[in-house]
Structure formats: structure tokens, C-alpha cells
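Novice: Input entry.cif, format and content: mmCIF, C-alpha atoms.
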data_my_file
#
loop_
_atom_site.label_atom_id
_atom_site.label_comp_id
_atom_site.auth_asym_id
_atom_site.auth_seq_id
_atom_site.Cartn_x
_atom_site.Cartn_y
_atom_site.Cartn_z
CA MET A 127 0.00 0.00 0.00
CA CYS A 128 1.25 3.48 -0.88
CA VAL A 129 1.99 5.21 2.39
CA VAL A 130 1.34 8.71 1.02
CA CYS A 131 -2.21 8.43 -0.33
CA GLY A 132 -3.25 4.95 0.80
CA CYS A 133 -3.76 3.57 -2.74
CA SER A 134 -3.31 -0.15 -3.15
CA THR A 135 -2.37 -1.76 -6.46
CA HIS A 136 -1.76 -5.29 -5.27
CA GLU A 137 -2.48 -7.71 -2.50
CA GLU A 138 -1.95 -5.79 0.70
CA THR A 139 1.09 -6.82 2.66
CA PRO A 140 1.57 -5.65 6.22
CA VAL A 141 3.96 -2.77 6.51
CA VAL A 142 6.46 -3.54 9.24
CA ILE A 143 7.93 -0.46 10.76
CA PRO A 144 11.12 -1.16 12.65
CA ALA A 145 11.41 0.42 16.06
CA VAL A 146 13.30 3.67 15.82
CA LYS A 147 16.29 3.70 18.08
CA GLY A 148 18.81 6.45 17.94
CA HIS A 149 20.34 9.41 19.58
CA ALA A 150 18.01 11.72 21.51
CA ASP A 151 18.87 14.58 19.15
CA ASP A 152 18.00 12.60 16.03
CA LEU A 153 15.10 13.88 13.96
CA HIS A 154 12.51 11.39 12.79
CA PHE A 155 9.66 12.57 10.58
CA GLY A 156 7.95 9.22 10.25
CA THR A 157 6.42 8.79 13.69
CA GLY A 158 2.98 10.17 12.74
CA ALA A 159 0.04 7.95 11.84
CA ALA A 160 0.95 8.34 8.15
CA ARG A 161 4.55 7.19 8.91
CA VAL A 162 5.83 9.75 6.42
CA SER A 163 6.27 13.51 6.23
CA VAL A 164 5.07 15.36 3.15
CA PRO A 165 5.72 19.12 2.91
CA GLY A 166 2.38 20.92 2.83
CA LEU A 167 0.49 17.98 4.32
CA SER A 168 -0.04 17.94 8.04
CA GLN A 169 1.01 15.15 10.36
CA VAL A 170 -1.70 13.40 12.31
CA ARG A 171 -0.85 11.76 15.59
CA THR A 172 -2.61 10.49 18.65
CA ILE A 173 -1.78 11.66 22.13
CA GLN A 174 -2.84 9.62 25.16
CA LEU A 175 -3.59 12.11 27.91
CA GLU A 176 -5.65 10.38 30.63
CA ALA A 177 -5.91 13.81 32.26
CA ASP A 178 -8.49 14.51 34.94
CA VAL A 179 -10.72 17.39 33.85
CA LEU A 180 -10.85 18.58 37.46
CA GLY A 181 -7.12 18.00 37.94
CA ALA A 182 -6.24 21.71 38.05
CA ASN A 183 -8.91 22.32 40.71
CA ASP A 184 -7.91 19.25 42.69
CA ARG A 185 -4.25 20.34 42.82
CA VAL A 186 -5.28 23.70 44.32
CA ALA A 187 -7.63 21.87 46.71
CA GLN A 188 -4.73 19.73 47.95
CA ALA A 189 -2.65 22.90 48.46
CA ASN A 190 -5.59 24.39 50.43
CA ARG A 191 -5.77 21.21 52.52
CA ALA A 192 -2.04 21.47 53.32
CA HIS A 193 -2.41 25.19 54.09
CA PHE A 194 -5.33 24.50 56.47
CA ALA A 195 -3.38 21.68 58.16
CA ALA A 196 -0.34 23.92 58.62
CA HIS A 197 -2.54 26.28 60.65
CA ARG A 198 -4.43 23.37 62.32
CA VAL A 199 -7.61 24.78 60.77
CA ALA A 200 -10.55 22.39 60.35
CA ALA A 201 -12.45 23.38 57.20
CA PHE A 202 -16.01 22.33 56.38
CA ASN A 203 -17.81 22.79 53.08
CA LEU A 204 -21.50 23.48 53.75
CA VAL A 205 -23.76 22.58 50.84
CA SER A 206 -27.53 22.75 50.41
CA SER A 207 -30.31 24.07 48.26
CA PRO A 208 -31.10 27.81 48.61
CA GLY A 209 -33.22 28.55 51.67
CA SER A 210 -32.27 25.55 53.82
CA GLY A 211 -31.07 27.90 56.55
CA LYS A 212 -27.29 27.55 56.11
CA THR A 213 -26.48 31.10 57.16
CA SER A 214 -28.90 31.11 60.12
CA LEU A 215 -27.40 27.81 61.24
CA LEU A 216 -23.89 29.26 60.98
CA VAL A 217 -24.86 32.36 62.95
CA LYS A 218 -26.37 30.18 65.68
CA THR A 219 -23.33 27.86 65.64
CA ILE A 220 -20.89 30.77 66.01
CA GLN A 221 -22.94 32.32 68.84
CA ARG A 222 -23.05 29.00 70.71
CA LEU A 223 -19.32 28.37 70.12
CA ARG A 224 -18.60 31.75 71.71
CA GLU A 225 -20.41 30.54 74.84
CA ILE A 226 -18.97 27.05 75.20
CA GLN A 227 -15.53 27.36 73.52
CA PRO A 228 -14.78 31.11 73.61
CA GLU A 229 -11.08 30.55 72.83
CA ARG A 230 -11.75 28.77 69.50
CA PRO A 231 -11.29 31.03 66.44
CA VAL A 232 -13.96 30.84 63.71
CA ALA A 233 -13.91 32.26 60.20
CA VAL A 234 -16.34 32.00 57.30
CA ILE A 235 -16.08 32.08 53.52
CA GLU A 236 -19.47 32.90 52.03
CA GLY A 237 -20.28 31.91 48.45
CA ASP A 238 -23.17 33.45 46.55
CA GLN A 239 -23.75 34.59 43.00
CA GLN A 240 -24.37 38.16 44.15
CA THR A 241 -24.63 40.41 47.26
CA SER A 242 -22.63 40.44 50.50
CA ASN A 243 -25.75 39.93 52.65
CA ASP A 244 -24.59 36.62 54.10
CA ALA A 245 -21.07 37.82 54.97
CA ASP A 246 -22.66 40.86 56.63
CA ARG A 247 -24.81 38.55 58.79
CA ILE A 248 -21.72 36.54 59.82
CA ARG A 249 -19.66 39.68 60.57
CA ALA A 250 -22.47 40.86 62.86
CA THR A 251 -21.58 37.91 65.16
CA GLY A 252 -18.00 39.23 65.40
CA ALA A 253 -16.48 36.43 63.29
CA PRO A 254 -14.38 37.41 60.25
CA ALA A 255 -16.05 36.61 56.92
CA ILE A 256 -15.11 36.97 53.27
CA GLN A 257 -17.84 37.10 50.66
CA VAL A 258 -17.05 35.40 47.35
CA ASN A 259 -19.42 36.37 44.56
CA THR A 260 -19.26 33.85 41.75
CA GLY A 261 -21.12 36.04 39.24
CA LYS A 262 -22.78 33.54 36.91
CA GLY A 263 -20.99 30.63 38.57
CA CYS A 264 -23.00 27.90 40.27
CA HIS A 265 -20.34 26.71 42.75
CA LEU A 266 -17.17 27.69 44.59
CA ASP A 267 -13.90 26.23 43.30
CA ALA A 268 -10.58 25.64 45.03
CA PRO A 269 -8.79 28.77 43.68
CA MET A 270 -11.66 30.97 44.97
CA VAL A 271 -11.27 29.43 48.43
CA ALA A 272 -7.47 29.85 48.31
CA ALA A 273 -7.88 33.56 47.51
CA ALA A 274 -10.51 34.04 50.22
CA PHE A 275 -8.47 32.17 52.87
CA ASP A 276 -5.50 34.46 52.15
CA ARG A 277 -7.67 37.42 53.19
CA LEU A 278 -8.74 35.86 56.48
CA PRO A 279 -6.77 35.88 59.73
CA HIS A 280 -5.02 32.49 59.98
CA ALA A 281 -5.88 31.74 63.59
CA GLU A 282 -4.28 28.51 64.82
CA GLY A 283 -6.61 25.66 65.71
CA GLY A 284 -9.67 27.40 64.32
CA LEU A 285 -12.77 26.37 62.44
CA LEU A 286 -13.32 27.50 58.85
CA PHE A 287 -16.82 27.26 57.43
CA ILE A 288 -17.13 27.50 53.67
CA GLU A 289 -20.76 28.20 52.82
CA ASN A 290 -21.10 27.11 49.22
CA VAL A 291 -23.51 28.56 46.67
CA GLY A 292 -27.04 27.26 47.39
CA ASN A 293 -27.21 24.43 44.88
CA LEU A 294 -27.52 20.68 45.39
CA VAL A 295 -25.98 19.76 42.04
CA CYS A 296 -22.76 21.46 41.01
CA PRO A 297 -20.81 21.93 44.29
CA ALA A 298 -20.72 18.11 44.71
CA MET A 299 -17.92 17.80 42.15
CA TRP A 300 -15.53 20.49 43.37
CA ASP A 301 -13.09 19.65 46.12
CA LEU A 302 -12.20 22.84 47.99
CA GLY A 303 -9.67 21.26 50.36
CA GLU A 304 -12.25 20.75 53.10
CA GLN A 305 -12.12 18.12 55.81
CA ALA A 306 -15.73 17.16 55.02
CA LYS A 307 -18.76 18.25 53.07
CA VAL A 308 -21.82 18.82 55.23
CA ALA A 309 -25.17 18.68 53.42
CA ILE A 310 -27.95 20.69 55.05
CA LEU A 311 -31.51 19.71 54.29
CA SER A 312 -34.42 21.52 55.90
CA VAL A 313 -37.59 19.68 56.82
CA THR A 314 -39.64 22.15 54.79
CA GLU A 315 -38.15 20.50 51.71
CA GLY A 316 -39.11 17.03 50.47
CA GLU A 317 -37.72 14.02 52.31
CA ASP A 318 -36.72 12.54 48.94
CA LYS A 319 -34.08 15.23 48.23
CA PRO A 320 -31.25 12.69 48.79
CA LEU A 321 -32.70 10.55 45.99
CA LYS A 322 -33.26 13.53 43.70
CA TYR A 323 -29.71 14.85 44.19
CA PRO A 324 -27.74 11.69 44.96
CA ASP A 325 -24.29 13.00 44.01
CA MET A 326 -24.38 15.63 46.74
CA PHE A 327 -25.54 13.29 49.49
CA ALA A 328 -23.02 10.69 48.31
CA ALA A 329 -20.25 13.29 48.65
CA ALA A 330 -21.32 14.47 52.13
CA LYS A 331 -19.96 13.02 55.38
CA LEU A 332 -22.79 14.47 57.46
CA MET A 333 -26.39 15.44 56.74
CA LEU A 334 -27.91 18.07 59.01
CA LEU A 335 -31.69 18.03 59.06
CA ASN A 336 -32.46 21.65 59.86
CA LYS A 337 -35.62 23.47 61.03
CA VAL A 338 -36.77 20.45 63.08
CA ASP A 339 -38.72 22.86 65.33
CA LEU A 340 -41.25 22.95 62.45
CA LEU A 341 -41.79 19.16 62.37
CA PRO A 342 -45.10 19.28 64.34
CA HIS A 343 -46.57 21.42 61.54
CA LEU A 344 -45.32 19.29 58.64
CA ASP A 345 -45.76 15.81 57.15
CA PHE A 346 -41.99 15.37 56.76
CA ASP A 347 -40.99 11.73 57.44
CA VAL A 348 -37.61 11.91 59.21
CA ALA A 349 -36.98 8.14 59.20
CA GLN A 350 -37.76 7.92 55.49
CA CYS A 351 -35.44 10.86 54.72
CA ILE A 352 -32.58 9.22 56.64
CA ALA A 353 -33.24 5.91 54.85
CA TYR A 354 -33.05 7.71 51.49
CA ALA A 355 -29.78 9.42 52.44
CA GLN A 356 -28.27 6.10 53.57
CA ARG A 357 -29.39 4.53 50.34
CA VAL A 358 -27.12 6.83 48.31
CA ASN A 359 -24.45 6.91 51.02
CA PRO A 360 -24.47 4.02 53.52
CA ALA A 361 -21.80 5.78 55.63
CA ILE A 362 -23.53 9.18 55.95
CA GLU A 363 -24.00 10.51 59.47
CA VAL A 364 -27.21 12.37 60.33
CA MET A 365 -28.04 14.99 62.96
CA LEU A 366 -31.30 16.83 63.67
CA VAL A 367 -30.88 20.53 64.38
CA SER A 368 -32.81 23.77 64.60
CA ALA A 369 -31.07 27.10 64.18
CA LYS A 370 -34.22 28.70 65.60
CA SER A 371 -34.67 26.71 68.82
CA GLY A 372 -31.05 25.60 69.26
CA VAL A 373 -31.94 21.90 69.32
CA GLY A 374 -28.96 19.73 68.31
CA ILE A 375 -26.51 22.64 68.04
CA ASP A 376 -24.29 21.37 70.88
CA ALA A 377 -24.06 17.91 69.28
CA TRP A 378 -23.19 19.52 65.95
CA ILE A 379 -20.43 21.58 67.59
CA GLU A 380 -19.12 18.44 69.25
CA TRP A 381 -18.99 16.74 65.84
CA LEU A 382 -17.13 19.75 64.38
CA THR A 383 -14.53 19.92 67.11
CA ALA A 384 -14.07 16.16 67.71
CA MET B 1000 -24.89 24.26 34.94
CA HIS B 1001 -21.41 23.13 35.94
CA GLU B 1002 -20.85 21.54 32.53
CA MET B 1003 -19.69 24.99 31.32
CA SER B 1004 -16.93 24.97 33.97
CA LEU B 1005 -16.05 21.40 33.03
CA ALA B 1006 -15.87 22.35 29.34
CA GLY B 1007 -13.47 25.13 30.37
CA GLY B 1008 -11.40 22.55 32.27
CA ILE B 1009 -11.31 20.28 29.20
CA LEU B 1010 -10.22 23.17 26.97
CA LYS B 1011 -7.47 24.04 29.48
CA VAL B 1012 -6.18 20.43 29.48
CA VAL B 1013 -6.14 20.43 25.65
CA GLU B 1014 -4.48 23.85 25.36
CA ASP B 1015 -1.80 22.84 27.89
CA ALA B 1016 -1.19 19.73 25.80
CA ALA B 1017 -1.03 21.88 22.63
CA ALA B 1018 1.66 24.09 24.17
CA ARG B 1019 3.61 21.04 25.36
CA GLU B 1020 3.23 18.88 22.26
CA ARG B 1021 3.20 21.72 19.72
CA PHE B 1022 0.06 20.92 17.75
CA THR B 1023 -2.34 23.47 16.30
CA ARG B 1024 -5.47 21.54 15.49
CA VAL B 1025 -7.39 18.68 17.06
CA GLU B 1026 -9.17 16.25 14.78
CA ARG B 1027 -10.68 14.08 17.51
CA LEU B 1028 -11.13 14.48 21.23
CA VAL B 1029 -11.98 11.41 23.32
CA LEU B 1030 -13.47 12.07 26.73
CA GLU B 1031 -14.44 9.61 29.43
CA ALA B 1032 -17.37 10.50 31.70
CA GLY B 1033 -18.26 7.71 34.11
CA ALA B 1034 -21.92 6.95 34.81
CA LEU B 1035 -21.49 8.29 38.37
CA ALA B 1036 -19.36 11.33 37.45
CA GLY B 1037 -22.29 13.73 37.89
CA VAL B 1038 -22.02 14.92 34.31
CA GLU B 1039 -24.90 15.40 31.92
CA VAL B 1040 -23.27 14.34 28.66
CA ALA B 1041 -25.65 16.31 26.39
CA ALA B 1042 -25.06 19.48 28.43
CA LEU B 1043 -21.29 18.92 28.35
CA ARG B 1044 -21.35 18.51 24.56
CA PHE B 1045 -23.47 21.68 24.23
CA ALA B 1046 -21.06 23.63 26.46
CA LEU B 1047 -18.02 22.39 24.51
CA GLU B 1048 -19.60 23.31 21.18
CA ALA B 1049 -20.32 26.80 22.51
CA MET B 1050 -16.76 27.22 23.74
CA VAL B 1051 -14.50 25.80 21.02
CA PRO B 1052 -14.76 28.33 18.14
CA GLY B 1053 -11.40 30.07 17.79
CA THR B 1054 -9.56 27.43 19.85
CA VAL B 1055 -7.46 24.39 18.91
CA LEU B 1056 -10.63 22.33 19.38
CA GLU B 1057 -12.55 24.10 16.61
CA GLY B 1058 -13.87 21.51 14.16
CA ALA B 1059 -12.84 18.55 16.33
CA VAL B 1060 -15.01 15.45 16.51
CA ILE B 1061 -15.87 14.94 20.18
CA SER B 1062 -16.41 11.40 21.43
CA ILE B 1063 -17.67 10.94 24.96
CA GLU B 1064 -17.35 7.43 26.35
CA GLN B 1065 -19.48 6.54 29.36
CA PRO B 1066 -18.08 3.60 31.33
CA PRO B 1067 -20.63 2.09 33.76
CA GLY B 1068 -20.39 2.57 37.50
CA THR B 1069 -19.23 -0.12 39.88
CA ALA B 1070 -20.18 -0.59 43.51
CA TRP B 1071 -19.28 -2.84 46.41
CA CYS B 1072 -22.34 -4.72 47.62
CA LEU B 1073 -22.17 -4.97 51.40
CA ARG B 1074 -24.36 -8.08 51.39
CA CYS B 1075 -22.74 -10.01 48.50
CA CYS B 1076 -19.23 -8.78 49.46
CA GLU B 1077 -18.58 -8.43 45.75
CA SER B 1078 -18.10 -5.69 43.15
CA VAL B 1079 -21.19 -5.25 40.96
CA PRO B 1080 -22.02 -3.01 37.96
CA ILE B 1081 -24.52 -0.15 38.43
CA GLN B 1082 -25.79 2.64 36.19
CA SER B 1083 -26.87 5.12 38.88
CA ARG B 1084 -26.44 5.74 42.59
CA LEU B 1085 -30.07 4.69 43.07
CA ASP B 1086 -29.61 1.22 41.60
CA ASP B 1087 -30.04 -1.86 43.76
CA CYS B 1088 -27.54 -4.71 43.64
CA PRO B 1089 -28.17 -6.60 40.36
CA ARG B 1090 -27.34 -9.88 42.17
CA CYS B 1091 -29.19 -9.77 45.49
CA GLY B 1092 -31.41 -6.67 45.23
CA SER B 1093 -29.87 -5.00 48.29
CA ALA B 1094 -29.73 -1.19 48.36
CA GLN B 1095 -26.60 -1.27 50.55
CA LEU B 1096 -24.09 -0.42 47.84
CA ALA B 1097 -20.94 1.67 48.14
CA PRO B 1098 -19.93 3.08 44.72
CA THR B 1099 -16.29 2.30 43.92
CA GLY B 1100 -15.88 3.33 40.26
CA GLY B 1101 -17.48 5.26 37.43
CA THR B 1102 -16.85 8.73 38.86
CA GLU B 1103 -13.94 9.50 36.51
CA LEU B 1104 -14.04 12.49 34.20
CA ARG B 1105 -10.99 12.46 31.95
CA VAL B 1106 -9.57 13.69 28.67
CA ARG B 1107 -8.40 10.31 27.39
CA GLU B 1108 -6.99 10.88 23.96
CA LEU B 1109 -6.41 13.46 21.25
CA THR B 1110 -5.83 12.98 17.53
CA VAL B 1111 -3.95 16.09 16.45
CA HIS B 1112 -2.51 17.84 13.41
CA ASP B 1113 0.84 19.58 13.51
CA ASP B 1114 0.13 22.11 10.72
#
Write the structure described by the file as C-alpha cells, please.
Specialist:
Amino acid sequence: MCVVCGCSTHEETPVVIPAVKGHADDLHFGTGAARVSVPGLSQVRTIQLEADVLGANDRVAQANRAHFAAHRVAAFNLVSSPGSGKTSLLVKTIQRLREIQPERPVAVIEGDQQTSNDADRIRATGAPAIQVNTGKGCHLDAPMVAAAFDRLPHAEGGLLFIENVGNLVCPAMWDLGEQAKVAILSVTEGEDKPLKYPDMFAAAKLMLLNKVDLLPHLDFDVAQCIAYAQRVNPAIEVMLVSAKSGVGIDAWIEWLTA
Amino acid sequence: MHEMSLAGGILKVVEDAAARERFTRVERLVLEAGALAGVEVAALRFALEAMVPGTVLEGAVISIEQPPGTAWCLRCCESVPIQSRLDDCPRCGSAQLAPTGGTELRVRELTVHDD
């Protein structure tokens, strides 16, 4: 077979290409798929990459993890749908921490598409907070967290809460360098959320069922919700909390500081 | 729609490879998106098509392979194939499965032109 245009005038015989061995500086123009170089014609070749699409993010996340560890900071990535009460829960958590562990530093990175409302609510508790606005983005990524952490005081032995953009889909895939993802689900939502958004509940170490003070007014089936969460993640831990009444907050703080 | 961010990540991987391997045009891009990777393949393709004009990927044929997920069945004590995180064990019907594979999202292979 003609190696330039592929025409074949006779019975095809296999073309055996001897392995090219030579000096590292040698030039060899026949390593492309066509095995020949023709001026004016381009070479085609195949490159095996096996590169993780999220590799660049994951490398920054590992650097974040090392940075947090160097300051003995425990970082938690809080994920939920919008309106589950993440910020209220954080405010309550920080207030309670002040009472029972006043020496423990706390800082917050707040992710939202727009506004600094949430960071303002955290700062009102006295804890330092950095707002990250993602613009059109639907999740925080590791470089955003690295930039935000650089702007926070690096208090030794502290807690760092990263409140992700309210979204039960996209933040599941992005490692930020956290110790654990914590999924917050409020009982005013459906108990089947873990089945509807399995990737997020599979990625979470802990599920906080929030707003449990409202349970007497709702048909929310707590046992069923926990069963659904364990179905997508047999190892998930579950706690019932209320940012409003304070139920479960001490247990949650114990989990955070264990 | 995180597929837009993922498409940006794919383009970055390819452009880094282009700078390293000195190619100017990609004829074929082979991606691997596992069944449990959390990626909507149609949305990813749409995002890539919106992003590639003017880049080395312009005009490239994009193939997206979707290997199935695998999970460890706690009852069978065996690895079993699954298509989604909601699947039961295909052997014993148990829902106690711990996914072990199928979450990969990779740029596997490029066919490139050096012109």
C-alpha cells in the first residue's frame, strides 16, 4: 500500500515499521500515523492524555488542605439548596461556640452569585467573613477558596466554614480542600431530596436536618429521609438541628470539634 | 450548569497539551465521563460546542465514552455493575451499595494535526 495516499495496487502486505532507536537529538519525521512527512500535508498523531478534567482544581484543593493543616484549621464545606437555613445555622453555631468554647477562632467564607448579605450577617456575630461572589458561577472552586483564605486571619486551631452557593448539584464535584462536606436539608423540603440529588448526598460526610422545630406542623418523614440518604451513602452521618430553637446545636459543635 | 466549567477545564487540558506537544489543530477528542461522574453528557457537549470556536478544538469530533459505574455490595461482598447511585444490587437486590468506580471524568486521547 502506498503510504502517502493509501492507494493499493496489489495484495496488501503488512507494513512492518522497525522500532526507531537512535540518539536523543535525532530527527525522525515518520512517527505520525501516516509514517511519512510530506511538505504541505499535516502530520496526524494520537496523544494519550488520561488527564483529569478537574485536575487543576484538585491540585489547588490539595494545596488548600495542606495550608489548612499547617494552621491546624478544620475546614467544612456546607452545601444545600437555597433557603435551607445555612447562614442562620452558621450564625447560631458561632454564637453557641462563643459561649462554650470562647477561645476557639472561627472564620467563614461565604459563596453566593451576588450580594454580600450573608457575609454581613456573619460579621455581625463578630467572626471574620469573606464574601465570594461567583457572578454567573453555580459553585465555589478551590482557587476561589485559596484567595478568600488568604484574606482571612489564619488563627491557629480554628474552624473554617465555607458556605457554598445554594445548589444541590454542582458543588458536589468540586473539592475545595475541606475536611468534610456537610449537606444541610431543611424539613420544609421534600424528604426525597437525597434521591433527587444523589451526588451531593453521596459526597457528604454528614447530613444536618435543619428546622426540626417545624416538624409538628409538617408531614416530613424523618426516618424515610434518613433511609433515602443512607441509600445513596451508607456511611452518611445524620443529625437533627434547629437554628431557631437551638436543638442539636451542641451535638453539631461536638462533631465539628471532635 | 457546571458543565460549562467542566468544558473550560477540558479546553485548558487540551491547550496545555497543545503548548507542550506543539500541535495546532485537534481532529478528535476522546473524553471519558463515568456513569457516576455527575455529568450530563448532552449538556457537556453543548457547552463544549459553545466554547470551542477560535480554539485548537474548533472543528474537532468529540467522542464521549461513558463507562458504567461499579459498587461494592455490602451483602454479597462483591463488586457489581450499576448505572446510577439509586440502583439496587443486580445480584441480590440490596440497596446497601458503596460506589467504587465510574466517577472518573478524563480527557483520554487526542488525535492532532501539527500544521
Novice: May I ask for the distance between atom CA of A:Pro324 and atom CA of A:Val295, given in Å to one decimal place?
Specialist: 8.8 Å
Novice: Kindly assemble as JSON lines a list of the chain B residues that lie within 8 Å of chain A, each paired with its nearest atom pair and their distance in Å to one decimal, using only C-alpha atoms, sorted first by chain and then by ascending residue number.
Specialist:
{"residue": "B:Met1000", "atom": "CA", "partner": "A:Cys264", "partner_atom": "CA", "distance": 6.7}
{"residue": "B:His1001", "atom": "CA", "partner": "A:Cys296", "partner_atom": "CA", "distance": 5.5}
{"residue": "B:Leu1005", "atom": "CA", "partner": "A:Val179", "partner_atom": "CA", "distance": 6.7}
{"residue": "B:Gly1008", "atom": "CA", "partner": "A:Val179", "partner_atom": "CA", "distance": 5.4}
{"residue": "B:Ile1009", "atom": "CA", "partner": "A:Val179", "partner_atom": "CA", "distance": 5.5}
{"residue": "B:Val1012", "atom": "CA", "partner": "A:Val179", "partner_atom": "CA", "distance": 7.0}
{"residue": "B:Leu1035", "atom": "CA", "partner": "A:Asp325", "partner_atom": "CA", "distance": 7.9}
{"residue": "B:Gly1037", "atom": "CA", "partner": "A:Asp325", "partner_atom": "CA", "distance": 6.5}
{"residue": "B:Arg1084", "atom": "CA", "partner": "A:Val358", "partner_atom": "CA", "distance": 5.9}
{"residue": "B:Leu1085", "atom": "CA", "partner": "A:Val358", "partner_atom": "CA", "distance": 6.4}
{"residue": "B:Ala1094", "atom": "CA", "partner": "A:Arg357", "partner_atom": "CA", "distance": 6.1}
{"residue": "B:Gln1095", "atom": "CA", "partner": "A:Pro360", "partner_atom": "CA", "distance": 6.4}
{"residue": "B:Leu1096", "atom": "CA", "partner": "A:Pro360", "partner_atom": "CA", "distance": 7.2}
{"residue": "B:Ala1097", "atom": "CA", "partner": "A:Pro360", "partner_atom": "CA", "distance": 6.9}
{"residue": "B:Glu1103", "atom": "CA", "partner": "A:Asp178", "partner_atom": "CA", "distance": 7.6}
{"residue": "B:Leu1104", "atom": "CA", "partner": "A:Val179", "partner_atom": "CA", "distance": 5.9}
{"residue": "B:Arg1105", "atom": "CA", "partner": "A:Asp178", "partner_atom": "CA", "distance": 4.4}
{"residue": "B:Val1106", "atom": "CA", "partner": "A:Ala177", "partner_atom": "CA", "distance": 5.1}
{"residue": "B:Arg1107", "atom": "CA", "partner": "A:Glu176", "partner_atom": "CA", "distance": 4.3}
{"residue": "B:Glu1108", "atom": "CA", "partner": "A:Gln174", "partner_atom": "CA", "distance": 4.5}
{"residue": "B:Leu1109", "atom": "CA", "partner": "A:Ile173", "partner_atom": "CA", "distance": 5.0}
{"residue": "B:Thr1110", "atom": "CA", "partner": "A:Thr172", "partner_atom": "CA", "distance": 4.2}
{"residue": "B:Val1111", "atom": "CA", "partner": "A:Arg171", "partner_atom": "CA", "distance": 5.4}
{"residue": "B:His1112", "atom": "CA", "partner": "A:Val170", "partner_atom": "CA", "distance": 4.6}
{"residue": "B:Asp1113", "atom": "CA", "partner": "A:Gln169", "partner_atom": "CA", "distance": 5.4}
{"residue": "B:Asp1114", "atom": "CA", "partner": "A:Ser168", "partner_atom": "CA", "distance": 5.0}
Novice: So that I can see what lies close to B:Ala1006, please list as a list in words the residues with an atom at most 8 Å from it, counting only C-alpha atoms and leaving out residues fewer than 5 positions away in the same chain.
Specialist: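 After dropping sequence-adjacent residues, the list is Leu1043, Ala1046, Leu1047 and Met1050 of chain B.
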Novice: Between atom CA of B:Glu1064 and atom CA of B:Arg1021, what is the distance in Å, rounded to a tenth?
Specialist: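 Calculated distance between atom CA of B:Glu1064 and atom CA of B:Arg1021 is 25.9 Å.
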Novice: Please report as JSON lines every residue of stretch 295-325 of chain A lying within 10 Å of stretch 209-220 of chain A, along with the nearest atom pair and their distance in Å (one decimal), using all atoms listed in the file.
Specialist:
{"residue": "A:Ala309", "atom": "CA", "partner": "A:Lys212", "partner_atom": "CA", "distance": 9.5}
{"residue": "A:Ile310", "atom": "CA", "partner": "A:Ser210", "partner_atom": "CA", "distance": 6.6}
{"residue": "A:Leu311", "atom": "CA", "partner": "A:Ser210", "partner_atom": "CA", "distance": 5.9}
{"residue": "A:Ser312", "atom": "CA", "partner": "A:Ser210", "partner_atom": "CA", "distance": 5.0}
{"residue": "A:Val313", "atom": "CA", "partner": "A:Ser210", "partner_atom": "CA", "distance": 8.5}
{"residue": "A:Thr314", "atom": "CA", "partner": "A:Ser210", "partner_atom": "CA", "distance": 8.2}
{"residue": "A:Glu315", "atom": "CA", "partner": "A:Ser210", "partner_atom": "CA", "distance": 8.0}
Novice: Find the residues around stretch 251-260 of chain A up to 6 Å (only C-alpha atoms counted), leave out those fewer than 6 positions away in its own chain, and share them as a VMD selection string.
Specialist: chain A and resid 233 to 240 242 245
Novice: Once the PyMOL selection byres ((chain A and resi 373) around 12) has been evaluated on this model, what residues remain selected, and can you format them as a list in words?
Specialist: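 Applying the expression gives Leu215, Lys218, Thr219, Arg222, Leu334, Leu335, Asn336, Lys337, Val338, Asp339, Leu340, Met365, Leu366, Val367, Ser368, Ala369, Lys370, Ser371, Gly372, Gly374, Ile375, Asp376, Ala377, Trp378 and Ile379 of chain A.
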Novice: Could you pull the residues within 10 Å of A:Phe275, counting only C-alpha atoms, minus those fewer than 3 positions along the same chain, as a list in words?
Specialist: Asn190, His193, Phe194, Ala233, Val234, Ile235, Ala255, Ile256, Pro269, Met270, Val271, Ala272, Leu278, Pro279, His280, Leu286 and Ile288 of chain A
Novice: Could you tell me how far atom CA of B:Cys1088 lies from atom CA of B:Pro1066, in Å and to one decimal?
Specialist: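 Atom CA of B:Cys1088 sits 17.6 Å away from atom CA of B:Pro1066.
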Novice: Ranking B:Asp1015, B:Asp1086, B:Glu1077, B:Glu1039 by minimum distance to B:Val1055 and counting all atoms listed in the file, which one comes first?
Specialist: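 When distances to B:Val1055 are compared using all atoms listed in the file, the smallest one comes from B:Asp1015.
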Novice: Please identify all polymer residues within 9 Å of B:Glu1014, counting only C-alpha atoms, omitting same-chain residues fewer than 3 positions from it, and present them as a PDB file with C-alpha atoms, in the coordinates of the input.
Specialist:
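Writing done, so here's out_33.pdb:
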ATOM      1  CA  ILE B1009     -11.310  20.280  29.200  1.00  0.00           C
ATOM      2  CA  LEU B1010     -10.220  23.170  26.970  1.00  0.00           C
ATOM      3  CA  LYS B1011      -7.470  24.040  29.480  1.00  0.00           C
ATOM      4  CA  ALA B1017      -1.030  21.880  22.630  1.00  0.00           C
ATOM      5  CA  ALA B1018       1.660  24.090  24.170  1.00  0.00           C
ATOM      6  CA  ARG B1019       3.610  21.040  25.360  1.00  0.00           C
ATOM      7  CA  THR B1054      -9.560  27.430  19.850  1.00  0.00           C
ATOM      8  CA  VAL B1055      -7.460  24.390  18.910  1.00  0.00           C
ATOM      9  CA  LEU B1056     -10.630  22.330  19.380  1.00  0.00           C
TER      10      LEU B1056
END
Novice: Env of A:Asp318: 10 Å cut, atoms = only C-alpha atoms, seq-sep filter 6 positions within chain, self excluded. Answer as a PyMOL selection string.
Specialist: chain A and resi 324+346-347+350-355
Novice: Using all atoms of stretch 376-379 of chain A that appear in the file, construct an axis-aligned enclosing box with 4 Å of padding on every side and provide its centre coordinates and edge lengths in Å, rounded to one decimal, as AutoDock Vina command-line options.
Specialist:
--center_x -22.4 --center_y 19.7 --center_z 68.4 --size_x 11.9 --size_y 11.7 --size_z 12.9
Novice: Using all atoms listed in the file, which of the listed residues (A:Ala192, A:Pro208, A:Leu294, A:Ala329) sits closest to B:Ala1036?
Specialist: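 Between A:Ala192, A:Pro208, A:Leu294, A:Ala329, the residue approaching B:Ala1036 most closely is A:Ala329.
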Novice: Tell me which of B:Met1003, B:Cys1091, B:Val1040, B:Ile1081 sits closest to B:Ile1063, counting all atoms listed in the file.
Specialist: B:Val1040
